[in-house]
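Trainee: This is the content of protein03.cif (mmCIF, C-alpha atoms):
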data_coords
loop_
_atom_site.label_atom_id
_atom_site.label_comp_id
_atom_site.auth_asym_id
_atom_site.auth_seq_id
_atom_site.Cartn_x
_atom_site.Cartn_y
_atom_site.Cartn_z
CA MET D 1 50.82 21.47 10.45
CA LEU D 2 47.43 20.82 12.03
CA PHE D 3 45.63 21.04 8.67
CA LEU D 4 47.87 18.23 7.32
CA VAL D 5 47.06 16.07 10.34
CA ASP D 6 43.34 16.76 9.91
CA ILE D 7 43.23 15.93 6.22
CA LEU D 8 45.38 12.80 6.55
CA SER D 9 43.60 11.29 9.54
CA ALA D 10 40.02 12.56 9.54
CA GLU D 11 37.29 10.37 8.10
CA MET D 12 35.46 12.39 5.49
CA PRO D 13 31.66 12.26 5.38
CA ARG D 14 30.11 10.70 2.32
CA LEU D 15 28.79 13.15 -0.22
CA SER D 16 25.14 13.18 -1.09
CA LYS D 17 24.11 13.06 -4.75
CA SER D 18 23.14 16.71 -4.58
CA GLN D 19 26.71 17.77 -3.80
CA ILE D 20 29.14 18.74 -6.52
CA ARG D 21 31.35 16.05 -7.98
CA LEU D 22 34.61 17.89 -8.43
CA ILE D 23 36.46 14.95 -9.99
CA PRO D 24 34.96 13.22 -13.07
CA PHE D 25 37.47 10.36 -13.37
CA TRP D 26 36.30 6.89 -12.38
CA GLY D 27 38.27 5.47 -9.50
CA LEU D 28 39.77 8.78 -8.41
CA ARG D 29 36.27 10.19 -7.97
CA HIS D 30 35.29 7.23 -5.80
CA LEU D 31 38.34 7.71 -3.59
CA TYR D 32 37.61 11.43 -3.36
CA GLU D 33 33.98 10.87 -2.38
CA SER D 34 34.65 7.95 -0.03
CA SER D 35 34.79 8.13 3.74
CA LEU D 36 38.34 6.76 3.77
CA PRO D 37 40.84 8.85 5.73
CA GLY D 38 43.56 10.55 3.75
CA TYR D 39 46.44 8.32 4.83
CA THR D 40 44.50 5.25 3.63
CA ILE D 41 44.11 6.80 0.18
CA VAL D 42 47.85 7.53 0.06
CA ILE D 43 48.71 3.94 1.03
CA LEU D 44 46.25 2.42 -1.46
CA LEU D 45 47.53 4.50 -4.39
CA VAL D 46 51.19 3.94 -3.53
CA LEU D 47 50.64 0.17 -3.34
CA ALA D 48 48.57 0.11 -6.53
CA PHE D 49 51.04 2.10 -8.63
CA SER D 50 54.30 0.72 -7.23
CA LEU D 51 53.19 -2.93 -7.26
CA GLY D 52 51.33 -2.52 -10.56
CA GLN D 53 54.15 -0.86 -12.48
CA GLY D 54 56.86 -2.93 -10.76
CA GLY D 55 54.91 -6.13 -11.44
CA LEU D 56 54.42 -5.31 -15.12
CA GLN D 57 58.07 -4.45 -15.48
CA PHE D 58 59.00 -7.76 -13.83
CA ILE D 59 56.83 -9.67 -16.32
CA PHE D 60 58.25 -7.72 -19.25
CA SER D 61 61.86 -7.39 -18.14
CA GLU D 62 63.78 -8.44 -21.25
CA ILE D 63 66.61 -6.04 -22.12
CA LYS D 64 68.68 -6.96 -25.16
CA PRO D 65 72.40 -6.82 -24.29
CA GLY D 66 74.19 -3.91 -25.89
CA SER D 67 70.95 -2.12 -26.83
CA VAL D 68 70.28 1.56 -26.12
CA PHE D 69 68.07 0.69 -23.14
CA ASP D 70 70.81 -1.57 -21.76
CA ARG D 71 73.36 1.22 -22.14
CA PHE D 72 71.00 3.73 -20.52
CA LEU D 73 70.17 1.66 -17.41
CA GLN D 74 73.32 -0.47 -17.03
CA THR D 75 71.56 -2.64 -14.45
CA ASP D 76 69.89 -6.00 -13.96
CA THR D 77 66.23 -7.04 -13.67
CA PHE D 78 66.10 -5.88 -10.05
CA GLY D 79 67.15 -2.38 -11.08
CA VAL D 80 64.57 -2.20 -13.87
CA VAL D 81 61.76 -3.40 -11.61
CA GLY D 82 62.87 -1.17 -8.73
CA LEU D 83 62.95 1.87 -11.00
CA ALA D 84 59.43 1.13 -12.29
CA ALA D 85 58.11 0.67 -8.73
CA SER D 86 59.79 3.89 -7.53
CA VAL D 87 58.45 5.97 -10.40
CA GLY D 88 55.00 4.47 -9.86
CA ALA D 89 55.14 5.39 -6.18
CA ILE D 90 56.11 8.96 -7.08
CA THR D 91 53.18 9.21 -9.50
CA SER D 92 50.81 7.87 -6.85
CA LEU D 93 51.99 10.50 -4.37
CA PHE D 94 51.16 13.24 -6.86
CA LEU D 95 47.70 11.75 -7.43
CA SER D 96 46.98 11.29 -3.74
CA SER D 97 48.11 14.84 -2.93
CA PHE D 98 45.78 16.10 -5.68
CA ILE D 99 42.83 14.25 -4.08
CA LEU D 100 43.77 15.44 -0.58
CA VAL D 101 44.04 19.08 -1.68
CA PHE D 102 40.59 18.89 -3.31
CA ARG D 103 39.17 17.35 -0.14
CA PHE D 104 40.84 20.04 1.92
CA VAL D 105 39.25 22.80 -0.18
CA ARG D 106 35.82 21.14 -0.12
CA ASP D 107 35.69 20.29 3.60
CA ILE D 108 37.88 22.90 5.31
CA LEU D 109 38.85 25.85 3.14
CA HIS D 110 35.56 26.65 1.40
CA PRO D 111 33.50 26.52 4.65
CA LYS D 112 35.97 28.99 6.19
CA PHE D 113 35.46 31.36 3.26
CA LEU D 114 31.68 30.94 3.49
CA ALA D 115 31.80 31.95 7.15
CA LEU D 116 33.40 35.23 6.08
CA ASP D 117 31.16 35.88 3.08
CA PRO D 118 28.21 33.57 2.25
CA SER D 119 27.83 35.21 -1.18
CA ILE D 120 30.88 33.35 -2.56
CA ASP D 121 29.23 29.94 -2.28
CA ALA D 122 29.07 29.58 -6.09
CA ALA D 123 32.84 29.95 -6.35
CA ILE D 124 33.21 26.22 -5.64
CA ASP D 125 31.78 25.57 -9.12
CA SER D 126 35.00 26.91 -10.66
CA LEU D 127 36.94 24.12 -8.95
CA ALA D 128 35.09 21.31 -10.72
CA LEU D 129 37.16 19.34 -13.23
CA SER D 130 35.67 18.01 -16.45
CA TRP D 131 36.97 15.79 -19.20
CA SER D 132 37.02 18.72 -21.61
CA SER D 133 39.12 20.85 -19.26
CA ALA D 134 41.50 18.07 -18.21
CA LEU D 135 42.21 16.23 -21.47
CA PRO D 136 44.19 19.08 -23.14
CA TRP D 137 46.49 19.21 -20.11
CA ILE D 138 46.83 15.42 -20.03
CA PHE D 139 47.70 15.13 -23.74
CA GLY D 140 49.95 18.17 -23.62
CA MET D 141 51.88 16.93 -20.58
CA THR D 142 52.23 13.46 -22.12
CA ILE D 143 53.71 14.83 -25.34
CA LEU D 144 55.96 17.27 -23.47
CA PHE D 145 57.19 14.53 -21.14
CA VAL D 146 58.00 12.19 -24.00
CA VAL D 147 59.87 14.89 -25.94
CA VAL D 148 61.86 16.26 -22.97
CA ASN D 149 62.50 12.88 -21.36
CA TYR D 150 63.89 11.23 -24.45
CA ALA D 151 65.75 14.31 -25.61
CA LEU D 152 67.54 14.21 -22.25
CA ALA D 153 68.09 10.46 -22.57
CA SER D 154 69.50 10.93 -26.07
CA SER D 155 71.95 13.57 -24.87
CA VAL D 156 73.09 11.27 -22.05
CA LEU D 157 73.69 8.43 -24.53
CA GLY D 158 75.37 10.71 -27.05
CA LEU D 159 72.72 10.04 -29.72
CA GLU D 160 71.47 12.62 -32.18
CA THR D 161 67.99 11.10 -32.17
CA LEU D 162 66.16 8.36 -30.31
CA ASP D 163 63.70 6.90 -32.81
CA LEU D 164 61.10 4.21 -32.30
CA GLY D 165 63.22 1.58 -34.00
CA VAL D 166 65.90 1.99 -31.36
CA VAL D 167 63.30 1.43 -28.62
CA LEU D 168 61.70 -1.55 -30.35
CA ASN D 169 65.10 -3.22 -30.72
CA SER D 170 65.91 -2.85 -27.02
CA GLY D 171 63.56 -5.57 -25.70
CA ASN D 172 60.08 -5.70 -24.19
CA ALA D 173 61.22 -3.88 -21.03
CA ALA D 174 61.97 -0.78 -23.12
CA ILE D 175 58.70 -1.11 -25.06
CA LEU D 176 56.70 -1.30 -21.83
CA ARG D 177 58.59 1.64 -20.32
CA VAL D 178 58.28 3.93 -23.35
CA PHE D 179 54.83 3.09 -24.68
CA VAL D 180 52.89 2.22 -21.49
CA LEU D 181 54.39 3.27 -18.15
CA ASP D 182 55.87 6.63 -19.11
CA PRO D 183 52.67 7.85 -20.86
CA ILE D 184 50.62 6.79 -17.80
CA ASN D 185 52.89 8.71 -15.44
CA ALA D 186 52.94 11.72 -17.76
CA ALA D 187 49.13 11.68 -18.02
CA CYS D 188 48.90 11.71 -14.22
CA GLY D 189 51.20 14.74 -14.26
CA GLY D 190 48.87 16.42 -16.74
CA LEU D 191 45.94 15.69 -14.45
CA ALA D 192 47.85 17.31 -11.58
CA ILE D 193 48.46 20.42 -13.70
CA ALA D 194 44.79 20.57 -14.73
CA SER D 195 43.63 20.28 -11.13
CA THR D 196 46.12 22.93 -10.01
CA TYR D 197 44.80 25.28 -12.68
CA ARG D 198 41.20 24.73 -11.54
CA LEU D 199 42.25 25.31 -7.94
CA GLN D 200 43.96 28.53 -8.96
CA GLN D 201 40.81 29.71 -10.75
CA TYR D 202 38.76 29.02 -7.63
CA LEU D 203 41.18 30.90 -5.37
CA VAL D 204 41.39 33.85 -7.78
CA LEU D 205 37.60 34.14 -7.81
CA VAL D 206 37.52 34.05 -4.00
CA ALA D 207 40.35 36.60 -3.69
CA ARG D 208 38.59 39.03 -6.05
CA THR D 209 35.06 38.77 -4.68
CA ILE D 210 35.20 37.98 -0.96
CA SER D 211 34.37 40.87 1.35
CA VAL D 212 37.46 42.17 3.17
CA ASP D 213 37.67 43.30 6.79
CA ILE D 214 41.09 44.86 7.37
CA LEU D 215 40.70 44.45 11.13
CA LYS D 216 40.45 40.67 10.73
CA VAL D 217 43.23 39.90 8.26
CA GLU D 218 44.00 36.69 10.15
CA ALA D 219 40.62 35.34 9.02
CA TYR D 220 41.97 35.25 5.44
CA HIS D 221 45.09 33.23 6.30
CA PRO D 222 43.58 29.99 4.92
CA ILE D 223 44.03 31.26 1.35
CA THR D 224 47.78 30.69 1.75
CA LEU D 225 47.34 27.02 2.69
CA PRO D 226 46.96 25.57 -0.88
CA PRO D 227 50.23 27.07 -2.24
CA ALA D 228 52.02 26.12 0.98
CA MET D 229 50.67 22.56 0.78
CA VAL D 230 51.57 22.15 -2.90
CA PHE D 231 55.06 23.55 -2.38
CA ALA D 232 55.59 21.42 0.74
CA PHE D 233 54.37 18.26 -1.03
CA THR D 234 56.49 18.87 -4.14
CA SER D 235 59.63 19.85 -2.23
CA SER D 236 59.29 16.75 -0.09
CA PHE D 237 58.88 14.65 -3.23
CA VAL D 238 62.03 16.16 -4.74
CA ALA D 239 64.01 15.46 -1.57
CA ILE D 240 62.68 11.89 -1.24
CA VAL D 241 63.11 11.07 -4.93
CA GLY D 242 66.62 12.49 -4.92
CA ALA D 243 67.57 10.46 -1.85
CA VAL D 244 66.06 7.21 -3.21
CA LEU D 245 67.31 7.41 -6.79
CA PHE D 246 70.80 8.58 -5.88
CA ALA D 247 71.14 6.12 -2.97
CA LEU D 248 69.86 3.02 -4.80
CA ASP D 249 71.85 1.82 -7.76
CA TYR D 250 69.37 1.67 -10.61
CA GLY D 251 72.17 2.15 -13.10
CA ILE D 252 70.77 5.45 -14.37
CA SER D 253 73.14 8.20 -15.47
CA GLU D 254 73.58 10.86 -12.76
CA VAL D 255 73.25 13.54 -15.44
CA TYR D 256 69.77 12.23 -16.24
CA LEU D 257 68.82 12.07 -12.56
CA LYS D 258 69.96 15.65 -11.98
CA GLY D 259 67.88 16.80 -14.93
CA ALA D 260 64.85 14.93 -13.56
CA MET D 261 65.30 16.52 -10.11
CA ILE D 262 65.52 20.00 -11.61
CA GLY D 263 62.41 19.29 -13.68
CA LEU D 264 60.42 18.11 -10.67
CA PHE D 265 61.42 21.16 -8.65
CA ALA D 266 60.54 23.47 -11.57
CA ILE D 267 57.05 21.92 -11.79
CA GLY D 268 56.55 22.37 -8.04
CA ALA D 269 57.73 25.97 -8.21
CA ILE D 270 55.32 26.70 -11.08
CA PHE D 271 52.45 25.15 -9.10
CA ALA D 272 53.30 27.21 -6.02
CA LEU D 273 53.55 30.44 -8.05
CA MET D 274 50.21 29.74 -9.72
CA LEU D 275 48.55 29.35 -6.34
CA PHE D 276 50.39 32.32 -4.85
CA HIS D 277 48.76 34.64 -7.41
CA PRO D 278 45.40 34.69 -5.53
CA VAL D 279 47.27 35.50 -2.31
CA LEU D 280 48.83 38.49 -4.07
CA ILE D 281 45.41 39.62 -5.35
CA LEU D 282 43.93 39.52 -1.85
CA ARG D 283 46.99 41.23 -0.39
CA ASN D 284 46.62 44.09 -2.90
CA ARG D 285 42.96 44.51 -1.96
CA ILE D 286 43.83 44.61 1.75
CA ALA D 287 46.70 47.06 1.17
CA LYS D 288 44.46 49.33 -0.90
CA MET D 289 41.77 49.40 1.79
CA ILE D 290 44.32 50.11 4.53
CA GLY D 291 45.74 52.93 2.41
CA VAL D 292 42.30 54.46 1.87
CA GLU D 293 41.46 54.31 5.58
CA ARG D 294 44.85 55.80 6.48
CA GLU D 295 44.30 58.70 4.06
CA LEU D 296 40.83 59.36 5.50
CA LEU D 297 42.21 59.41 9.05
CA VAL D 298 44.98 61.84 8.13
CA LYS D 299 42.42 64.21 6.57
CA ALA D 300 40.15 63.87 9.62
CA ILE D 301 43.01 64.66 12.01
CA ARG D 302 43.72 67.78 9.98
CA GLY D 303 40.13 68.93 10.55
CA ASP D 304 38.07 67.46 7.71
CA SER D 305 35.93 65.08 9.80
CA ALA D 306 33.30 64.79 7.05
CA VAL D 307 35.54 62.34 5.16
CA LEU D 308 34.92 59.78 7.91
CA GLU D 309 31.51 59.11 6.35
CA ASN D 310 33.43 57.05 3.81
CA SER D 311 35.28 55.08 6.47
CA ASN D 312 34.40 51.47 7.18
CA ILE D 313 36.02 51.34 10.61
CA VAL D 314 35.97 54.81 12.25
CA ASP D 315 32.96 56.67 13.63
CA ARG D 316 32.57 60.26 12.37
CA ARG D 317 32.16 61.44 15.98
CA ALA D 318 35.62 60.16 17.00
CA ASN D 319 37.81 62.78 18.68
CA SER D 320 41.43 63.53 17.82
CA THR D 321 42.79 61.09 20.41
CA GLU D 322 40.68 58.25 19.01
CA LEU D 323 41.68 59.18 15.48
CA ALA D 324 45.36 59.04 16.43
CA SER D 325 44.80 55.63 18.03
CA TRP D 326 43.10 54.35 14.90
CA LEU D 327 45.96 55.65 12.76
CA ALA D 328 48.51 53.93 14.99
CA LEU D 329 46.51 50.70 14.71
CA LEU D 330 46.39 50.92 10.92
CA ASN D 331 50.17 51.30 10.82
CA THR D 332 50.52 47.97 12.65
CA LEU D 333 48.12 45.98 10.46
CA SER D 334 49.61 43.35 8.19
CA GLU D 335 48.78 43.53 4.49
CA TRP D 336 49.72 39.90 3.90
CA PRO D 337 47.18 37.16 4.75
CA VAL D 338 49.96 34.75 5.76
CA SER D 339 49.87 33.05 9.15
CA GLU D 340 52.87 32.41 11.38
CA ALA D 341 52.22 28.66 11.05
CA ILE D 342 52.75 28.83 7.28
CA LYS D 343 55.93 30.85 7.74
CA ARG D 344 57.25 28.25 10.18
CA LEU D 345 56.24 25.43 7.81
CA LEU D 346 58.17 26.96 4.92
CA LEU D 347 61.15 27.94 7.07
CA PHE D 348 61.60 24.72 9.05
CA GLY D 349 59.65 22.06 7.17
CA VAL D 350 60.31 22.79 3.49
CA LEU D 351 63.53 24.74 3.07
CA PRO D 352 65.87 22.33 4.95
CA PRO D 353 65.17 19.19 2.83
CA LEU D 354 64.99 21.30 -0.32
CA ALA D 355 68.30 23.00 0.46
CA TRP D 356 69.86 19.58 1.15
CA THR D 357 68.72 18.22 -2.21
CA LEU D 358 69.84 21.26 -4.21
CA ALA D 359 73.20 21.32 -2.40
CA ALA D 360 73.74 17.65 -3.24
CA VAL D 361 72.90 18.26 -6.91
CA ILE D 362 75.25 21.26 -7.10
CA GLU D 363 78.04 19.38 -5.33
CA ASN D 364 77.72 16.40 -7.68
CA THR D 365 77.62 18.72 -10.68
CA LEU D 366 80.70 20.77 -9.77
CA TYR D 367 82.91 18.05 -8.31
#
Taking this structure as input, can you express it in the form of structure tokens?

Mentor:
Amino acid sequence: MLFLVDILSAEMPRLSKSQIRLIPFWGLRHLYESSLPGYTIVILLVLAFSLGQGGLQFIFSEIKPGSVFDRFLQTDTFGVVGLAASVGAITSLFLSSFILVFRFVRDILHPKFLALDPSIDAAIDSLALSWSSALPWIFGMTILFVVVNYALASSVLGLETLDLGVVLNSGNAAILRVFVLDPINAACGGLAIASTYRLQQYLVLVARTISVDILKVEAYHPITLPPAMVFAFTSSFVAIVGAVLFALDYGISEVYLKGAMIGLFAIGAIFALMLFHPVLILRNRIAKMIGVERELLVKAIRGDSAVLENSNIVDRRANSTELASWLALLNTLSEWPVSEAIKRLLLFGVLPPLAWTLAAVIENTLY
């Protein structure tokens, strides 16, 4: 957990103009490049999104009695405003985690990789976001969110379709929710997907090109931190969102909430799998090198010492006792660049709240 403490509390140095700007979006880029500690960025975004969306929903809070929106929420103004503030806070957490992960790669992860192999310095270029690379994800996620969200809402309400006329006749609260707040939140989700894709491309490039020393596998453990961070963040979000939305009476159908929880978890799982792919690539390279060295040692023990010229770890002049020791060492080497800290994080920090949330969803579904 030390890397989370570092990135949340440490004051980041200001970037010079010669350094890469990984985030092109005004506002987010300034937060990313600022010297503000991570927890300050989280607080600022949570306040901005929750107060902003909750405040707008308070101003435009009219719900026509008996309308589709009234039937869907079944709550008062407090419930509508509270829902808007909660969803805004969730969106801000996704944005802040995206900024923190990029900072983590820039200030901690990439320097660690450079210490192992200075030739991969250019790999950081593949992490840079651009408008052209992000906009397709933003538009795609917005459209997908609107289609899936309102298809689910229609099924909850027992409607065959949910057209624009139905929304327009539900009051200005529904218009604000459907045409302003939901697209903003969906666009932020698209930005998170775009940034995750760029991060995956960066890690894949590192995993394929970095020089590998099988005797120092622990030096490559940092490559597992991004998927662990993303999965930990998302799982925590699912647990927190589930606890808040189910505990507070916003008048939303439980069927809809369960669908939203499953969707959030699915997105987090996809993110984690995307970022686990580079770990698998590096693991396969390490396993292949260990296998080659093991095969060379077996041949050398059987008398063909000339094959040791191709070995990266064993001297050709090694005697049979040394060769046996090397072979025993190879058999104990781990092929997976995963640290014990990450294993403990997943086992004790992620799985318990995630298991609690899924158990609650299953229990509510079955009984």

Trainee: So that I can check the surroundings of D:Glu340, please list as a compact mmCIF listing (two decimals) with C-alpha atoms, in the frame of the given file every protein, DNA and RNA residue that reaches within 12 Å of it, counting all atoms listed in the file and ignoring chain neighbours fewer than 6 positions away.

Mentor:
# COMPACT_ATOMS: atom_id res chain seq x y z
CA MET D 1 50.82 21.47 10.45
CA GLU D 218 44.00 36.69 10.15
CA HIS D 221 45.09 33.23 6.30
CA PRO D 222 43.58 29.99 4.92
CA THR D 224 47.78 30.69 1.75
CA LEU D 225 47.34 27.02 2.69
CA SER D 334 49.61 43.35 8.19
CA LEU D 346 58.17 26.96 4.92
CA LEU D 347 61.15 27.94 7.07
CA PHE D 348 61.60 24.72 9.05

Trainee: Evaluate the PyMOL selection byres ((chain D and resi 64) around 9) and record the selected residues as a ChimeraX atom specification, following the chain and residue labels used in the document.

Mentor: /D:62-63,65-70,169-172

Trainee: Measure the distance from atom CA of D:Leu135 to atom CA of D:Ile90 in Å and round it to one decimal.

Mentor: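 We find that atom CA of D:Leu135 and atom CA of D:Ile90 lie 21.3 Å from each other.
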
Trainee: So which residues get picked by the PyMOL selection byres ((chain D and resi 212) around 9) here, written as a CSV table (one decimal) with C-alpha atoms, in the coordinates of the input?

Mentor:
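Result written to expr27.csv:
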chain,number,residue,atom,x,y,z
D,116,LEU,CA,33.4,35.2,6.1
D,117,ASP,CA,31.2,35.9,3.1
D,209,THR,CA,35.1,38.8,-4.7
D,210,ILE,CA,35.2,38.0,-1.0
D,211,SER,CA,34.4,40.9,1.4
D,213,ASP,CA,37.7,43.3,6.8
D,214,ILE,CA,41.1,44.9,7.4
D,215,LEU,CA,40.7,44.4,11.1
D,216,LYS,CA,40.4,40.7,10.7
D,217,VAL,CA,43.2,39.9,8.3
D,220,TYR,CA,42.0,35.2,5.4
D,282,LEU,CA,43.9,39.5,-1.8
D,285,ARG,CA,43.0,44.5,-2.0
D,286,ILE,CA,43.8,44.6,1.8
D,289,MET,CA,41.8,49.4,1.8

Trainee: Tell me which residues the PyMOL selection byres ((chain D and resi 100-112) around 10) grabs here, as a PyMOL selection string.

Mentor: chain D and resi 3-4+6-8+12-13+20+22-23+31-33+37-39+41-42+94-99+113-118+120-121+123-124+127-128+195-196+199+202-203+206+219-220+222-223+225-226+229-230

Trainee: Compile the contact shell of D:Ala187 as a PyMOL selection string: residues with an atom at most 9 Å away, counting only C-alpha atoms, same-chain residues fewer than 4 positions apart removed.

Mentor: chain D and resi 135+137-142+182-183+191-192
